[in-house]
file data00.cif (mmCIF, C-alpha atoms)
data_protein
loop_
_atom_site.label_atom_id
_atom_site.label_comp_id
_atom_site.auth_asym_id
_atom_site.auth_seq_id
_atom_site.Cartn_x
_atom_site.Cartn_y
_atom_site.Cartn_z
CA MET A 1 0.00 0.00 0.00
CA SER A 2 1.44 3.38 -0.98
CA GLU A 3 2.04 6.23 1.47
CA THR A 4 -0.85 8.21 -0.02
CA GLU A 5 -3.20 5.32 0.58
CA THR A 6 -2.17 5.03 4.23
CA THR A 7 -2.52 8.74 5.06
CA GLY A 8 -5.85 10.48 5.57
CA ALA A 9 -7.54 12.34 2.74
CA SER A 10 -7.47 16.15 2.71
CA TYR A 11 -9.03 19.04 0.84
CA ALA A 12 -5.60 19.95 -0.55
CA ALA A 13 -5.04 16.40 -1.80
CA ALA A 14 -8.41 16.63 -3.56
CA GLY A 15 -7.09 19.67 -5.42
CA VAL A 16 -8.45 22.64 -3.45
CA ASP A 17 -5.84 25.11 -2.16
CA ILE A 18 -7.41 27.23 0.59
CA GLU A 19 -4.19 29.18 1.17
CA ALA A 20 -4.05 30.18 -2.52
CA GLY A 21 -7.64 31.36 -2.25
CA ASP A 22 -6.79 33.49 0.78
CA ARG A 23 -3.84 35.02 -1.07
CA ALA A 24 -6.09 35.84 -4.04
CA VAL A 25 -8.43 37.72 -1.69
CA GLU A 26 -5.54 39.75 -0.28
CA LEU A 27 -4.33 40.64 -3.78
CA MET A 28 -7.76 41.83 -4.92
CA LYS A 29 -8.61 44.00 -1.88
CA GLU A 30 -6.73 47.01 -3.24
CA TRP A 31 -8.81 47.00 -6.43
CA VAL A 32 -12.13 46.45 -4.68
CA ARG A 33 -11.46 49.49 -2.47
CA LYS A 34 -11.26 51.68 -5.57
CA THR A 35 -14.92 50.95 -6.35
CA GLN A 36 -16.37 52.02 -3.00
CA ARG A 37 -19.34 54.36 -2.80
CA PRO A 38 -20.38 56.20 0.39
CA GLU A 39 -23.28 53.76 0.85
CA VAL A 40 -21.03 50.69 1.13
CA LEU A 41 -20.44 49.37 4.66
CA GLY A 42 -17.72 47.00 5.79
CA GLY A 43 -14.90 45.59 3.73
CA LEU A 44 -14.10 42.59 1.60
CA GLY A 45 -14.14 39.25 3.40
CA GLY A 46 -17.54 39.26 5.09
CA PHE A 47 -20.27 36.78 4.28
CA ALA A 48 -22.39 39.45 2.59
CA GLY A 49 -21.80 42.86 1.06
CA LEU A 50 -23.63 45.69 2.79
CA PHE A 51 -25.17 48.71 1.06
CA ASP A 52 -26.91 51.44 3.04
CA ALA A 53 -30.42 51.54 1.57
CA SER A 54 -31.29 54.76 3.42
CA ALA A 55 -29.67 56.47 0.43
CA LEU A 56 -32.85 55.55 -1.47
CA LYS A 57 -35.00 57.80 0.75
CA ARG A 58 -34.49 60.64 -1.70
CA TYR A 59 -36.63 58.69 -4.19
CA GLU A 60 -40.42 59.04 -4.05
CA ARG A 61 -40.90 55.49 -5.34
CA PRO A 62 -37.57 53.72 -5.89
CA LEU A 63 -37.58 50.73 -8.20
CA LEU A 64 -34.67 48.31 -7.90
CA ALA A 65 -33.33 46.94 -11.18
CA SER A 66 -31.32 43.70 -11.19
CA ALA A 67 -29.39 41.83 -13.87
CA THR A 68 -26.95 38.94 -14.10
CA ASP A 69 -24.69 37.79 -16.92
CA GLY A 70 -21.34 36.33 -17.93
CA VAL A 71 -19.01 36.88 -20.88
CA GLY A 72 -19.46 33.56 -22.69
CA THR A 73 -16.67 31.80 -24.53
CA LYS A 74 -14.63 34.99 -24.73
CA VAL A 75 -12.99 33.65 -21.56
CA ASP A 76 -11.23 31.04 -23.70
CA ILE A 77 -9.51 33.80 -25.68
CA ALA A 78 -8.33 35.35 -22.42
CA ARG A 79 -7.07 31.99 -21.19
CA GLN A 80 -5.10 31.34 -24.36
CA MET A 81 -3.68 34.87 -24.39
CA GLY A 82 -2.83 34.80 -20.69
CA VAL A 83 -4.63 38.15 -20.29
CA TYR A 84 -7.19 38.23 -17.50
CA ASP A 85 -8.09 41.81 -16.56
CA THR A 86 -10.10 42.70 -19.68
CA ILE A 87 -12.59 39.91 -19.01
CA GLY A 88 -13.61 41.60 -15.75
CA HIS A 89 -14.27 44.82 -17.63
CA ASP A 90 -16.48 42.86 -20.05
CA LEU A 91 -18.44 41.37 -17.17
CA VAL A 92 -19.38 44.76 -15.73
CA ALA A 93 -20.44 46.01 -19.15
CA MET A 94 -22.72 43.04 -19.77
CA VAL A 95 -24.46 43.45 -16.40
CA MET A 96 -24.59 47.19 -15.85
CA ASP A 97 -25.44 48.16 -19.41
CA ASP A 98 -28.50 45.92 -19.08
CA ILE A 99 -29.47 47.70 -15.87
CA VAL A 100 -29.14 51.24 -17.29
CA VAL A 101 -31.52 50.41 -20.17
CA CYS A 102 -34.52 51.14 -17.93
CA GLY A 103 -32.91 54.39 -16.77
CA ALA A 104 -31.56 52.92 -13.52
CA GLU A 105 -28.40 54.17 -11.83
CA PRO A 106 -26.00 51.27 -11.14
CA LEU A 107 -25.46 50.84 -7.40
CA PHE A 108 -23.47 47.71 -6.67
CA MET A 109 -22.26 44.44 -8.12
CA THR A 110 -21.08 41.01 -6.98
CA ASP A 111 -19.01 38.50 -8.95
CA TYR A 112 -18.46 34.76 -9.16
CA ILE A 113 -15.20 33.33 -10.47
CA CYS A 114 -14.95 29.60 -11.02
CA VAL A 115 -11.50 28.09 -11.65
CA GLY A 116 -9.94 24.68 -12.03
CA LYS A 117 -7.02 25.76 -9.86
CA VAL A 118 -6.57 29.00 -7.95
CA HIS A 119 -3.70 31.04 -9.34
CA PRO A 120 -3.88 34.04 -6.99
CA GLU A 121 -2.39 36.54 -9.44
CA ARG A 122 -4.79 35.49 -12.19
CA VAL A 123 -7.84 35.73 -9.96
CA ALA A 124 -6.67 39.13 -8.74
CA ALA A 125 -6.25 40.26 -12.36
CA VAL A 126 -9.84 39.28 -13.15
CA VAL A 127 -11.08 41.20 -10.10
CA LYS A 128 -8.88 44.16 -11.05
CA GLY A 129 -10.74 44.31 -14.38
CA ILE A 130 -14.10 44.02 -12.63
CA ALA A 131 -13.14 46.84 -10.25
CA GLU A 132 -11.98 49.09 -13.08
CA GLY A 133 -15.23 48.37 -14.90
CA CYS A 134 -17.25 49.21 -11.80
CA VAL A 135 -15.52 52.59 -11.58
CA LEU A 136 -16.47 53.27 -15.21
CA ALA A 137 -20.07 52.22 -14.50
CA GLY A 138 -20.28 54.26 -11.29
CA CYS A 139 -21.10 51.26 -9.09
CA ALA A 140 -19.46 49.55 -6.13
CA LEU A 141 -18.07 46.01 -6.05
CA VAL A 142 -19.40 44.81 -2.71
CA GLY A 143 -18.36 41.17 -2.75
CA GLY A 144 -17.91 37.98 -4.68
CA GLU A 145 -16.93 34.35 -4.62
CA THR A 146 -14.00 32.39 -5.99
CA ALA A 147 -14.69 28.67 -6.34
CA GLU A 148 -12.06 26.03 -7.10
CA HIS A 149 -13.40 23.03 -9.05
CA PRO A 150 -10.58 20.51 -9.60
CA GLY A 151 -11.62 17.54 -11.68
CA LEU A 152 -14.38 19.51 -13.38
CA LEU A 153 -12.19 22.24 -14.88
CA GLY A 154 -8.60 22.02 -16.07
CA PRO A 155 -5.91 23.83 -14.04
CA ASP A 156 -6.02 26.86 -16.37
CA ASP A 157 -9.76 26.87 -17.10
CA PHE A 158 -12.06 29.48 -15.59
CA ASP A 159 -15.39 31.23 -16.00
CA VAL A 160 -16.88 34.43 -14.60
CA ALA A 161 -20.38 35.66 -13.85
CA GLY A 162 -21.79 38.66 -12.07
CA ALA A 163 -24.97 40.21 -10.74
CA GLY A 164 -25.77 43.87 -10.26
CA THR A 165 -28.41 46.14 -8.78
CA GLY A 166 -29.49 49.64 -9.73
CA VAL A 167 -32.28 52.05 -8.85
CA VAL A 168 -34.64 54.27 -10.83
CA GLU A 169 -37.44 56.59 -9.83
CA ALA A 170 -40.73 54.94 -10.88
CA GLY A 171 -41.84 58.08 -12.69
CA ARG A 172 -38.63 58.10 -14.75
CA LEU A 173 -38.69 54.44 -15.78
CA LEU A 174 -37.79 54.10 -19.46
CA GLY A 175 -39.28 51.60 -21.85
CA ALA A 176 -41.72 50.72 -24.57
CA ASP A 177 -44.69 52.60 -23.13
CA ARG A 178 -42.90 55.92 -23.70
CA ILE A 179 -42.13 55.38 -27.40
CA ARG A 180 -44.20 57.19 -30.00
CA ALA A 181 -44.36 57.24 -33.81
CA GLY A 182 -41.94 59.91 -35.05
CA ASP A 183 -39.29 59.13 -32.43
CA VAL A 184 -35.72 58.81 -33.64
CA VAL A 185 -33.30 55.93 -33.09
CA ILE A 186 -29.75 56.95 -32.14
CA ALA A 187 -26.96 54.38 -32.43
CA MET A 188 -23.87 54.36 -30.22
CA ALA A 189 -20.76 52.72 -31.64
CA SER A 190 -19.47 49.50 -30.11
CA SER A 191 -15.81 48.96 -29.27
CA GLY A 192 -15.82 45.79 -31.37
CA LEU A 193 -17.40 42.39 -30.86
CA HIS A 194 -18.10 43.09 -27.18
CA SER A 195 -18.91 39.78 -25.44
CA ASN A 196 -21.36 38.03 -27.73
CA GLY A 197 -21.11 35.57 -30.58
CA TYR A 198 -17.68 34.20 -29.70
CA SER A 199 -18.75 30.61 -30.36
CA LEU A 200 -19.38 31.61 -33.98
CA VAL A 201 -16.27 33.81 -34.12
CA ARG A 202 -13.99 31.10 -32.74
CA HIS A 203 -15.45 28.47 -35.05
CA VAL A 204 -15.01 30.68 -38.12
CA LEU A 205 -11.58 32.17 -37.43
CA PHE A 206 -9.85 29.20 -35.79
CA ASP A 207 -11.58 26.04 -37.02
CA ARG A 208 -12.44 27.12 -40.56
CA ALA A 209 -9.91 29.84 -41.41
CA GLY A 210 -7.01 28.40 -39.36
CA MET A 211 -6.03 31.79 -37.96
CA ARG A 212 -3.87 32.19 -34.84
CA LEU A 213 -4.25 34.58 -31.94
CA GLU A 214 -0.71 35.89 -32.39
CA GLN A 215 -1.27 36.54 -36.09
CA ARG A 216 -1.08 40.22 -37.04
CA VAL A 217 -4.07 41.43 -39.05
CA GLU A 218 -3.35 44.57 -41.07
CA GLU A 219 -6.99 45.71 -41.05
CA PHE A 220 -6.85 45.77 -37.24
CA GLY A 221 -3.36 47.23 -36.90
CA ARG A 222 -2.70 44.62 -34.20
CA THR A 223 -2.89 40.89 -33.59
CA LEU A 224 -6.06 38.87 -33.89
CA GLY A 225 -5.94 38.08 -30.17
CA GLU A 226 -5.69 41.74 -29.22
CA GLU A 227 -8.70 42.55 -31.38
CA LEU A 228 -10.77 39.72 -29.94
CA LEU A 229 -9.96 40.78 -26.37
CA GLU A 230 -10.93 44.43 -26.91
CA PRO A 231 -13.05 45.24 -23.81
CA THR A 232 -16.79 45.78 -24.12
CA ARG A 233 -17.70 49.44 -23.93
CA ILE A 234 -19.47 50.47 -20.72
CA TYR A 235 -22.27 52.93 -21.58
CA SER A 236 -23.89 53.26 -18.14
CA LEU A 237 -22.74 56.77 -17.23
CA ASP A 238 -23.12 57.97 -20.82
CA CYS A 239 -26.75 56.83 -20.85
CA LEU A 240 -27.45 58.43 -17.48
CA ALA A 241 -25.89 61.69 -18.68
CA LEU A 242 -28.17 61.54 -21.71
CA THR A 243 -31.27 61.23 -19.51
CA ARG A 244 -30.23 64.42 -17.71
CA THR A 245 -29.74 66.55 -20.82
CA ALA A 246 -32.32 65.18 -23.26
CA GLU A 247 -35.69 63.48 -23.23
CA VAL A 248 -35.09 59.76 -23.64
CA HIS A 249 -37.88 57.26 -24.17
CA ALA A 250 -35.90 54.00 -24.21
CA PHE A 251 -32.49 52.38 -24.49
CA SER A 252 -31.59 49.02 -26.02
CA HIS A 253 -28.39 47.17 -25.14
CA ILE A 254 -27.24 45.29 -28.24
CA THR A 255 -26.08 41.88 -27.02
CA GLY A 256 -26.91 38.28 -27.96
CA GLY A 257 -29.51 38.15 -30.71
CA GLY A 258 -28.16 41.16 -32.55
CA LEU A 259 -29.38 44.65 -33.24
CA ALA A 260 -32.89 44.11 -34.59
CA ALA A 261 -33.94 41.53 -32.00
CA ASN A 262 -32.70 43.60 -29.05
CA LEU A 263 -34.21 46.84 -30.33
CA ALA A 264 -37.53 45.05 -30.87
CA ARG A 265 -37.63 44.27 -27.13
CA VAL A 266 -38.40 47.93 -26.37
CA ILE A 267 -40.74 48.66 -29.28
CA PRO A 268 -44.46 48.58 -28.32
CA ASP A 269 -47.17 46.77 -30.23
CA GLY A 270 -48.35 48.79 -33.20
CA LEU A 271 -45.02 50.54 -33.77
CA HIS A 272 -41.96 49.64 -35.80
CA ALA A 273 -38.28 50.64 -35.65
CA ALA A 274 -36.67 50.98 -39.08
CA VAL A 275 -32.88 51.12 -38.88
CA ASP A 276 -30.90 52.19 -41.95
CA ARG A 277 -27.68 50.23 -42.46
CA SER A 278 -26.28 52.96 -44.72
CA THR A 279 -25.78 55.24 -41.69
CA TRP A 280 -22.65 53.38 -40.56
CA THR A 281 -19.85 51.02 -41.58
CA PRO A 282 -19.29 47.95 -39.36
CA GLY A 283 -15.69 47.52 -38.17
CA ALA A 284 -13.20 45.28 -39.94
CA VAL A 285 -13.67 42.41 -37.48
CA PHE A 286 -17.27 41.91 -38.60
CA ASP A 287 -16.21 41.80 -42.25
CA LEU A 288 -13.48 39.28 -41.42
CA VAL A 289 -15.89 36.93 -39.65
CA GLY A 290 -18.39 37.19 -42.49
CA THR A 291 -15.82 36.67 -45.23
CA ALA A 292 -13.75 33.94 -43.56
CA GLY A 293 -16.79 31.88 -42.68
CA ARG A 294 -18.94 32.80 -45.66
CA VAL A 295 -21.53 33.78 -43.06
CA GLU A 296 -24.68 35.28 -44.52
CA ARG A 297 -25.45 38.86 -43.52
CA LEU A 298 -28.64 37.97 -41.67
CA GLU A 299 -26.78 35.32 -39.68
CA LEU A 300 -24.11 37.84 -38.75
CA GLU A 301 -26.72 40.40 -37.77
CA LYS A 302 -28.59 38.05 -35.45
CA THR A 303 -25.35 36.98 -33.75
CA LEU A 304 -23.07 40.06 -33.59
CA ASN A 305 -23.65 43.74 -32.78
CA MET A 306 -22.30 44.88 -36.20
CA GLY A 307 -20.70 47.96 -34.68
CA VAL A 308 -23.58 49.21 -32.50
CA GLY A 309 -23.43 48.54 -28.76
CA MET A 310 -26.31 50.66 -27.45
CA MET A 311 -29.29 52.45 -28.98
CA ALA A 312 -31.43 55.28 -27.64
CA VAL A 313 -34.94 56.18 -28.75
CA VAL A 314 -35.63 59.90 -28.36
CA PRO A 315 -38.24 62.38 -29.63
CA ALA A 316 -37.18 64.23 -32.78
CA ASP A 317 -36.68 67.54 -30.95
CA SER A 318 -34.14 65.92 -28.58
CA VAL A 319 -31.84 64.56 -31.28
CA ASP A 320 -29.41 67.49 -31.47
CA VAL A 321 -28.85 67.77 -27.73
CA ALA A 322 -28.56 63.98 -27.44
CA LEU A 323 -25.87 63.79 -30.10
CA THR A 324 -24.02 66.73 -28.55
CA THR A 325 -24.10 65.14 -25.10
CA LEU A 326 -22.72 61.86 -26.41
CA ALA A 327 -20.04 63.60 -28.49
CA ASP A 328 -18.94 65.59 -25.44
CA ARG A 329 -18.50 62.27 -23.61
CA GLY A 330 -16.45 60.77 -26.42
CA VAL A 331 -19.19 58.44 -27.66
CA ASP A 332 -19.45 58.08 -31.44
CA ALA A 333 -23.20 58.30 -32.12
CA TRP A 334 -25.49 58.99 -35.07
CA VAL A 335 -29.12 58.95 -36.20
CA ALA A 336 -29.72 55.41 -37.43
CA GLY A 337 -33.47 55.15 -37.87
CA GLU A 338 -36.99 56.13 -36.88
CA ILE A 339 -40.13 54.83 -35.23
CA THR A 340 -43.16 54.43 -37.50
CA GLU A 341 -46.61 52.88 -37.35
CA ARG A 342 -46.31 49.13 -37.80
CA GLY A 343 -47.46 47.83 -41.17
CA GLU A 344 -49.35 44.62 -41.70
CA HIS A 345 -46.23 42.54 -42.43
CA THR A 346 -43.61 44.32 -40.32
CA THR A 347 -42.09 43.20 -37.04
CA GLY A 348 -40.84 45.22 -34.09
CA ALA A 349 -37.56 46.26 -35.72
CA THR A 350 -35.89 45.73 -39.08
CA LEU A 351 -32.66 46.72 -40.81
CA THR A 352 -32.95 48.25 -44.28
CA GLY A 353 -30.51 49.15 -47.05
CA ASP A 354 -26.82 48.29 -47.28
CA TYR A 355 -23.95 49.23 -44.98
CA ALA A 356 -21.88 52.24 -45.98
CA ALA A 357 -18.64 51.33 -47.71
#
call {"tool": "encode", "arguments": {"input": "data00.cif", "output": "structure tokens"}}
result
Amino acid sequence: MSETETTGASYAAAGVDIEAGDRAVELMKEWVRKTQRPEVLGGLGGFAGLFDASALKRYERPLLASATDGVGTKVDIARQMGVYDTIGHDLVAMVMDDIVVCGAEPLFMTDYICVGKVHPERVAAVVKGIAEGCVLAGCALVGGETAEHPGLLGPDDFDVAGAGTGVVEAGRLLGADRIRAGDVVIAMASSGLHSNGYSLVRHVLFDRAGMRLEQRVEEFGRTLGEELLEPTRIYSLDCLALTRTAEVHAFSHITGGGLAANLARVIPDGLHAAVDRSTWTPGAVFDLVGTAGRVERLELEKTLNMGVGMMAVVPADSVDVALTTLADRGVDAWVAGEITERGEHTTGATLTGDYAA
């Protein structure tokens, strides 16, 4: 009988390193502190994050908005590249940009990181990205969980998920019931693929086209891996600024399902959003995926954001101030369409025309 068989079993022998987990927590504390808001009580390490809800007393009827999400198979690109902080940024964008769609101010967020083996520096890098994203979204990171799953995940495998909470005054809730015929659709440029459609992207570029992450792509001016890891843009504070300067009826976060399907989610029965493709040119990465995989345009459009990460629906007389506000904040935005009465054979939202060359 071997020595291992004669000694008692242990958590460490099963593959879970508690000391590495503790070190990861110590490494991430500095970054979590950078996200603190005045309403946050206590520090990292408690069983629950605390947020002082008395701050909501200034609302007449506060509505809490909640969302949860992950970043999909983009994590595999990060793993192969050995770059971990951008994934955290993506996570905040996917959660908090959903929350701001209804006009809610992001308040706080929690995260969940699942790994095959705890590498403290890697976990801390993921949390660093989450913390930096929280600062950009204006919310606090109040807690999280790191779980080690040996035997289920490989030593370098990991996944991330997060949940967030925001608040909006009931009388200022945005959505379909505010939209009217004659409203204008404003598009806000994406920073690239964001965090959707990577199963298609990976299949096309790696399996079919045989490309490599370290391969330099002239159209990008950088490597393929660098392009694919470009962080998702966080629009939360830009959208909130827009609600303060212009009348906004609705936002739509363009994520899985593409532009038309996500915009349709905020269009009421009886109305139709017509978006004109000729108002913008999708970035080179979208063309590469389409060309390399011979992917039909409609398939691309229902999978990827095609260069638009967020849309706002505003009355016609608010367009100029809306575009000025976004330009002042460094957001590339343009008039992309309009809201009309829905015809007999039209759906909630459609794309028309051809993309600008």
call {"tool": "residues_around", "arguments": {"input": "data00.cif", "residues": "Val184 of chain A", "least_positions_apart": "3", "cutoff": "7 Å", "atoms": "all atoms listed in the file", "output": "PyMOL selection string"}}
result
chain A and resi 313-316+337-339
call {"tool": "atom_distance", "arguments": {"input": "data00.cif", "atom1": "atom CA of Cys114 of chain A", "atom2": "atom CA of Leu200 of chain A"}}
result
23.5 Å
call {"tool": "residues_around", "arguments": {"input": "data00.cif", "residues": "Asp111 of chain A", "least_positions_apart": "2", "cutoff": "7 Å", "atoms": "all atoms listed in the file", "output": "list of chain:residue names"}}
result
A:Met109, A:Ile113, A:Gly143, A:Gly144, A:Glu145, A:Ala161, A:Gly162, A:Ala163
call {"tool": "residues_around", "arguments": {"input": "data00.cif", "residues": "Val321 of chain A", "least_positions_apart": "6", "cutoff": "9 Å", "atoms": "only C-alpha atoms", "output": "ChimeraX atom specification"}}
result
/A:242,245-246
call {"tool": "resolve_selection", "arguments": {"input": "data00.cif", "expression": "the PyMOL selection byres ((chain A and resi 230) around 10)", "output": "list in words"}}
result
Thr86, Ile87, His89, Asp90, Ser191, Gly192, Leu193, His194, Ser195, Gly225, Glu226, Glu227, Leu228, Leu229, Pro231, Thr232 and Arg233 of chain A
call {"tool": "resolve_selection", "arguments": {"input": "data00.cif", "expression": "the PyMOL selection byres ((chain A and resi 147-150) around 7)", "output": "ChimeraX atom specification"}}
result
/A:15-16,113-118,145-146,151-154
call {"tool": "closest_residue", "arguments": {"input": "data00.cif", "among": "A:Val295, A:Ala284, A:Ile186, A:Ile234", "to": "Ser318 of chain A", "atoms": "only C-alpha atoms"}}
result
A:Ile186
call {"tool": "resolve_selection", "arguments": {"input": "data00.cif", "expression": "the PyMOL selection byres ((chain A and resi 94) around 8)", "output": "VMD selection string"}}
result
chain A and resid 69 to 71 90 to 93 95 to 98 195 232
call {"tool": "residues_around", "arguments": {"input": "data00.cif", "residues": "Leu259 of chain A", "least_positions_apart": "4", "cutoff": "9 Å", "atoms": "all atoms listed in the file", "output": "ChimeraX atom specification"}}
result
/A:252-255,263-264,301-306,308-311,349-351
call {"tool": "atom_distance", "arguments": {"input": "data00.cif", "atom1": "atom CA of Thr291 of chain A", "atom2": "atom CA of Val204 of chain A"}}
result
9.3 Å
call {"tool": "residues_near_point", "arguments": {"input": "data00.cif", "point": "(-36.8, 55.5, -23.4)", "cutoff": "6 Å", "atoms": "only C-alpha atoms", "output": "list in words"}}
result
Leu174, Gly175, Val248, His249, Ala250, Phe251 and Val313 of chain A
call {"tool": "residues_around", "arguments": {"input": "data00.cif", "residues": "Glu219 of chain A", "least_positions_apart": "4", "cutoff": "10 Å", "atoms": "all atoms listed in the file", "output": "JSON, numbers by chain"}}
result
{"A": [223, 224, 283, 284, 285, 288]}
call {"tool": "axis_aligned_box", "arguments": {"input": "data00.cif", "around": "segment 238-248 of chain A", "padding_each_side": "3 Å", "output": "lines of an AutoDock Vina configuration file"}}
result
center_x = -29.4
center_y = 61.7
center_z = -20.6
size_x = 18.6
size_y = 15.7
size_z = 12.2
call {"tool": "closest_residue", "arguments": {"input": "data00.cif", "among": "A:Phe158, A:Tyr59, A:Phe47, A:Phe108", "to": "Tyr84 of chain A", "atoms": "all atoms listed in the file"}}
result
A:Phe158
call {"tool": "atom_distance", "arguments": {"input": "data00.cif", "atom1": "atom CA of Arg178 of chain A", "atom2": "atom CA of Ile267 of chain A"}}
result
9.4 Å
call {"tool": "residues_near_point", "arguments": {"input": "data00.cif", "point": "(-22.7, 62.6, -28.9)", "cutoff": "10 Å", "atoms": "all atoms listed in the file", "output": "number ranges by chain"}}
result
A: 186-188, 238, 242, 319-334
call {"tool": "decode", "arguments": {"input": "data00.cif", "residues": "segment 275-289 of chain A", "atoms": "N, CA and C atoms", "output": "short mmCIF file (atom, residue, chain, number, x, y, z; two decimals), in the first residue's frame"}}
result
data_model
loop_
_atom_site.label_atom_id
_atom_site.label_comp_id
_atom_site.auth_asym_id
_atom_site.auth_seq_id
_atom_site.Cartn_x
_atom_site.Cartn_y
_atom_site.Cartn_z
N VAL A 275 -34.27 50.70 -39.03
CA VAL A 275 -32.88 51.12 -38.88
C VAL A 275 -32.19 51.02 -40.23
N ASP A 276 -31.54 52.09 -40.64
CA ASP A 276 -30.90 52.19 -41.95
C ASP A 276 -29.43 51.80 -41.86
N ARG A 277 -29.07 50.69 -42.48
CA ARG A 277 -27.68 50.23 -42.46
C ARG A 277 -26.72 51.24 -43.07
N SER A 278 -27.18 52.04 -44.01
CA SER A 278 -26.28 52.96 -44.72
C SER A 278 -25.75 54.08 -43.84
N THR A 279 -26.24 54.17 -42.58
CA THR A 279 -25.78 55.24 -41.69
C THR A 279 -24.46 54.91 -41.00
N TRP A 280 -23.95 53.69 -41.17
CA TRP A 280 -22.65 53.38 -40.56
C TRP A 280 -21.95 52.25 -41.31
N THR A 281 -20.68 52.09 -41.01
CA THR A 281 -19.85 51.02 -41.58
C THR A 281 -19.38 50.12 -40.44
N PRO A 282 -19.78 48.86 -40.41
CA PRO A 282 -19.29 47.95 -39.36
C PRO A 282 -17.76 47.86 -39.40
N GLY A 283 -17.14 47.62 -38.25
CA GLY A 283 -15.69 47.52 -38.17
C GLY A 283 -15.16 46.31 -38.93
N ALA A 284 -13.85 46.31 -39.13
CA ALA A 284 -13.20 45.28 -39.94
C ALA A 284 -13.39 43.88 -39.38
N VAL A 285 -13.55 43.73 -38.08
CA VAL A 285 -13.67 42.41 -37.48
C VAL A 285 -14.96 41.72 -37.94
N PHE A 286 -16.01 42.50 -38.16
CA PHE A 286 -17.27 41.91 -38.60
C PHE A 286 -17.15 41.42 -40.05
N ASP A 287 -16.44 42.20 -40.86
CA ASP A 287 -16.21 41.80 -42.25
C ASP A 287 -15.36 40.54 -42.31
N LEU A 288 -14.36 40.45 -41.44
CA LEU A 288 -13.48 39.28 -41.42
C LEU A 288 -14.26 38.02 -41.08
N VAL A 289 -15.10 38.10 -40.04
CA VAL A 289 -15.89 36.93 -39.65
C VAL A 289 -16.82 36.51 -40.79
#
